[in-house]
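As structure tokens, the structure follows; a few thoughts come after it.
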Amino acid sequence: MSATRSAAARPQRALDSKSRRRRGQDSQRRQVRLHTQGPPPGYSFVPKGNVYITRNSRLHTHRSNQVVYTVQHSKTNRTLGICVPSDVHTRVLGLAAETAEARELAVAQKDTRDARHASDMLAREFPHMPALDMRAIVNHAFLKGSGRVGRSGTVSSEEKKAELAVEAHIRHVHTGYEGLLETGMQREDARELVWDQVKKVKRAWKEGVP
């Protein structure tokens with residue numbers, strides 16, 4: 001029985017050993033460098049901000065089995081970017097320029113699809129919503145990069161996103177909520193005060209009742 005268990009454990013030990021070697025190789029290819037040190041010889045600094053350039057600079061450096069340095073601020077430890085071999089950086093900049101138009105077109109097409117999806121969802125959930133309000137909600141709550149409810153990754157369902165976005169729009173546009181805030185009223189109190197009006201408008205948009 002002991003010999004059987006030992007034989008069965010060998011593949012797992014081999015996998016564990018291979019995993020440790022891979023982690024060791026990855027850590028060797030990723031090192032931290034402070035911004036005051038500047039790039040190592042033969043390396044260039046790639047600041048944070050351009051996802052395409054950063055991702056591909058990292059990818060091509062790893063493929064060539066060279067080190068990617070994570071550059072951190074010397075006092076705050078905030079990540080400022082990476083350092084990669086200069087030839088890799090130059091090659092990636094060329095690729096970025098060559099593909100810029102195609103990538104912009106792909107992003108625009110995706111944004112159009114996302115906006116259409118949001119409009120369809122709102123129309124399905126609130127078929128009596130005025131077109132002007134629908135456009136305003138799509139352009140505000142579902143704006144890419146806004147972090148607003150329509151783009152939230154923490155809301156459980158698409159229907160819930162639509163409902164919360166509609167409630168927020170009604171509250172700000174079709175009630176006296178903004179005026180209450182201007183008087184110094186707390187947000188929670190103002191929301192409670194206008195909630196009945198929010199529900200009334202939402203029901204009208206959903207069911208068509210006055």
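In the structure tokens, chains take the letters A, B, ... in the order shown, each chain's residues start at 1, and ligands count up from 1 in the order shown.
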Spatial neighbours of range 66-73 of chain A, max dist 12 Å, only C-alpha atoms, sep filter under 3 positions, as a PDB file with C-alpha atoms, in the first residue's frame:
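Just written: part_29.pdb:
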```
ATOM      1  CA  GLN A  25      11.768  31.826 -13.538  1.00  0.00           C
ATOM      2  CA  ASP A  26       8.874  34.298 -13.513  1.00  0.00           C
ATOM      3  CA  SER A  27      10.237  36.070 -10.438  1.00  0.00           C
ATOM      4  CA  GLN A  28      13.653  36.313 -12.087  1.00  0.00           C
ATOM      5  CA  ARG A  29      12.047  37.957 -15.117  1.00  0.00           C
ATOM      6  CA  ARG A  30      10.119  40.431 -12.918  1.00  0.00           C
ATOM      7  CA  GLN A  31      12.124  42.734 -10.697  1.00  0.00           C
ATOM      8  CA  VAL A  32      11.388  46.012  -8.928  1.00  0.00           C
ATOM      9  CA  ARG A  33      13.368  49.161  -9.637  1.00  0.00           C
ATOM     10  CA  LEU A  34      12.972  52.569  -7.977  1.00  0.00           C
ATOM     11  CA  HIS A  35      12.252  55.557 -10.200  1.00  0.00           C
ATOM     12  CA  THR A  36      15.338  57.364  -8.895  1.00  0.00           C
ATOM     13  CA  GLN A  37      17.570  54.635 -10.327  1.00  0.00           C
ATOM     14  CA  GLY A  38      16.573  55.219 -13.927  1.00  0.00           C
ATOM     15  CA  PRO A  39      16.406  52.459 -16.549  1.00  0.00           C
ATOM     16  CA  PRO A  40      19.160  49.825 -16.589  1.00  0.00           C
ATOM     17  CA  GLY A  42      19.878  48.986 -22.746  1.00  0.00           C
ATOM     18  CA  TYR A  43      16.427  49.477 -21.235  1.00  0.00           C
ATOM     19  CA  SER A  44      13.687  52.081 -21.732  1.00  0.00           C
ATOM     20  CA  PHE A  45      11.007  53.303 -19.346  1.00  0.00           C
ATOM     21  CA  VAL A  46       7.381  52.626 -20.323  1.00  0.00           C
ATOM     22  CA  PRO A  47       5.030  54.817 -18.250  1.00  0.00           C
ATOM     23  CA  LYS A  48       1.630  53.583 -17.138  1.00  0.00           C
ATOM     24  CA  THR A  54       2.520  48.187 -21.633  1.00  0.00           C
ATOM     25  CA  ARG A  55       0.960  44.771 -22.238  1.00  0.00           C
ATOM     26  CA  ASN A  56       2.896  44.088 -25.429  1.00  0.00           C
ATOM     27  CA  SER A  57       6.172  45.432 -24.052  1.00  0.00           C
ATOM     28  CA  ARG A  58       5.829  43.037 -21.136  1.00  0.00           C
ATOM     29  CA  LEU A  59       4.767  40.146 -23.384  1.00  0.00           C
ATOM     30  CA  HIS A  60       7.611  40.492 -25.894  1.00  0.00           C
ATOM     31  CA  THR A  61      10.178  40.920 -23.131  1.00  0.00           C
ATOM     32  CA  HIS A  62       9.027  37.714 -21.452  1.00  0.00           C
ATOM     33  CA  ARG A  63       9.074  35.896 -24.783  1.00  0.00           C
ATOM     34  CA  THR A  76       5.263  55.939  -1.979  1.00  0.00           C
ATOM     35  CA  ASN A  77       5.943  52.559  -3.660  1.00  0.00           C
ATOM     36  CA  ARG A  78       3.353  53.553  -6.250  1.00  0.00           C
ATOM     37  CA  THR A  79       3.890  51.764  -9.559  1.00  0.00           C
ATOM     38  CA  LEU A  80       4.860  54.269 -12.253  1.00  0.00           C
ATOM     39  CA  GLY A  81       5.457  51.913 -15.153  1.00  0.00           C
ATOM     40  CA  ILE A  82       7.919  49.295 -16.329  1.00  0.00           C
ATOM     41  CA  CYS A  83      11.376  49.126 -17.876  1.00  0.00           C
ATOM     42  CA  VAL A  84      11.868  46.833 -20.862  1.00  0.00           C
ATOM     43  CA  PRO A  85      14.696  46.322 -23.359  1.00  0.00           C
ATOM     44  CA  SER A  86      14.944  49.324 -25.662  1.00  0.00           C
ATOM     45  CA  ASP A  87      14.716  47.223 -28.823  1.00  0.00           C
ATOM     46  CA  VAL A  88      11.497  45.635 -27.539  1.00  0.00           C
ATOM     47  CA  HIS A  89      10.078  49.053 -26.701  1.00  0.00           C
TER      48      HIS A  89
END
```
(message) What parts of range 60-163 of chain A does DSSP call helix (DSSP H, G or I)? I'd like the answer as number ranges by chain.
(response) A: 60-63, 86-125, 131-141, 149-151, 158-163
(request) Taking the chain letters and numbering used in this document, name the residues of range 10-135 of chain A that DSSP puts in strand (DSSP E), as number ranges by chain. (result) A: 30-34, 43-47, 68-72, 79-85
(message) Measuring between only C-alpha atoms, which one of A:Lys110, A:Lys202, A:His117, A:Arg191 shows the shortest distance to Asp133 in chain A?
(response) A:Lys202
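Atom pair CA of Thr112 in chain A / CA of Ala165 in chain A: separated by 18.8 Å.
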(message) Quick one: residues within 8 Å of Ser119 in chain A, only C-alpha atoms, excluding same-chain residues fewer than 2 positions away - as a PyMOL selection string?
(response) chain A and resi 115-117+121-123+134-135+138
(request) Using only C-alpha atoms, find the one residue out of A:Gln197, A:Asn139, A:Asn65, A:Ser157 that sits nearest to Tyr177 in chain A. (result) A:Gln197
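Computed from the coordinates, the CA of Val198 in chain A to CA of Arg171 in chain A distance equals 5.9 Å.
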(request) Identify, on the basis of only C-alpha atoms, every residue whose closest approach to Lys199 in chain A does not exceed 10 Å; exclude the query and any residue fewer than 6 positions from it along the same chain; express the result as a VMD selection string. (result) chain A and resid 167 170 to 171 205
Next, write the just-selected residues to a file, as a short mmCIF file (atom, residue, chain, number, x, y, z; two decimals), in the first residue's frame, keeping N, CA and C atoms as the atom set.
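Output contents, as saved in part-v6.cif:
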```cif
data_model
loop_
_atom_site.label_atom_id
_atom_site.label_comp_id
_atom_site.auth_asym_id
_atom_site.auth_seq_id
_atom_site.Cartn_x
_atom_site.Cartn_y
_atom_site.Cartn_z
N GLU A 167 -33.56 54.76 -11.85
CA GLU A 167 -33.89 55.42 -10.59
C GLU A 167 -33.02 56.65 -10.37
N ILE A 170 -34.15 59.45 -12.79
CA ILE A 170 -35.42 60.05 -12.35
C ILE A 170 -35.18 60.95 -11.14
N ARG A 171 -34.40 60.47 -10.21
CA ARG A 171 -34.14 61.23 -8.98
C ARG A 171 -33.51 62.58 -9.30
N TRP A 205 -43.08 54.56 -16.60
CA TRP A 205 -42.22 54.15 -17.71
C TRP A 205 -42.26 52.64 -17.94
#
```
(request) Could you jot down the CA of Val166 in chain A to CA of Ala204 in chain A separation for me, Å, one decimal place? (result)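 One can read the CA of Val166 in chain A to CA of Ala204 in chain A distance as 12.0 Å.
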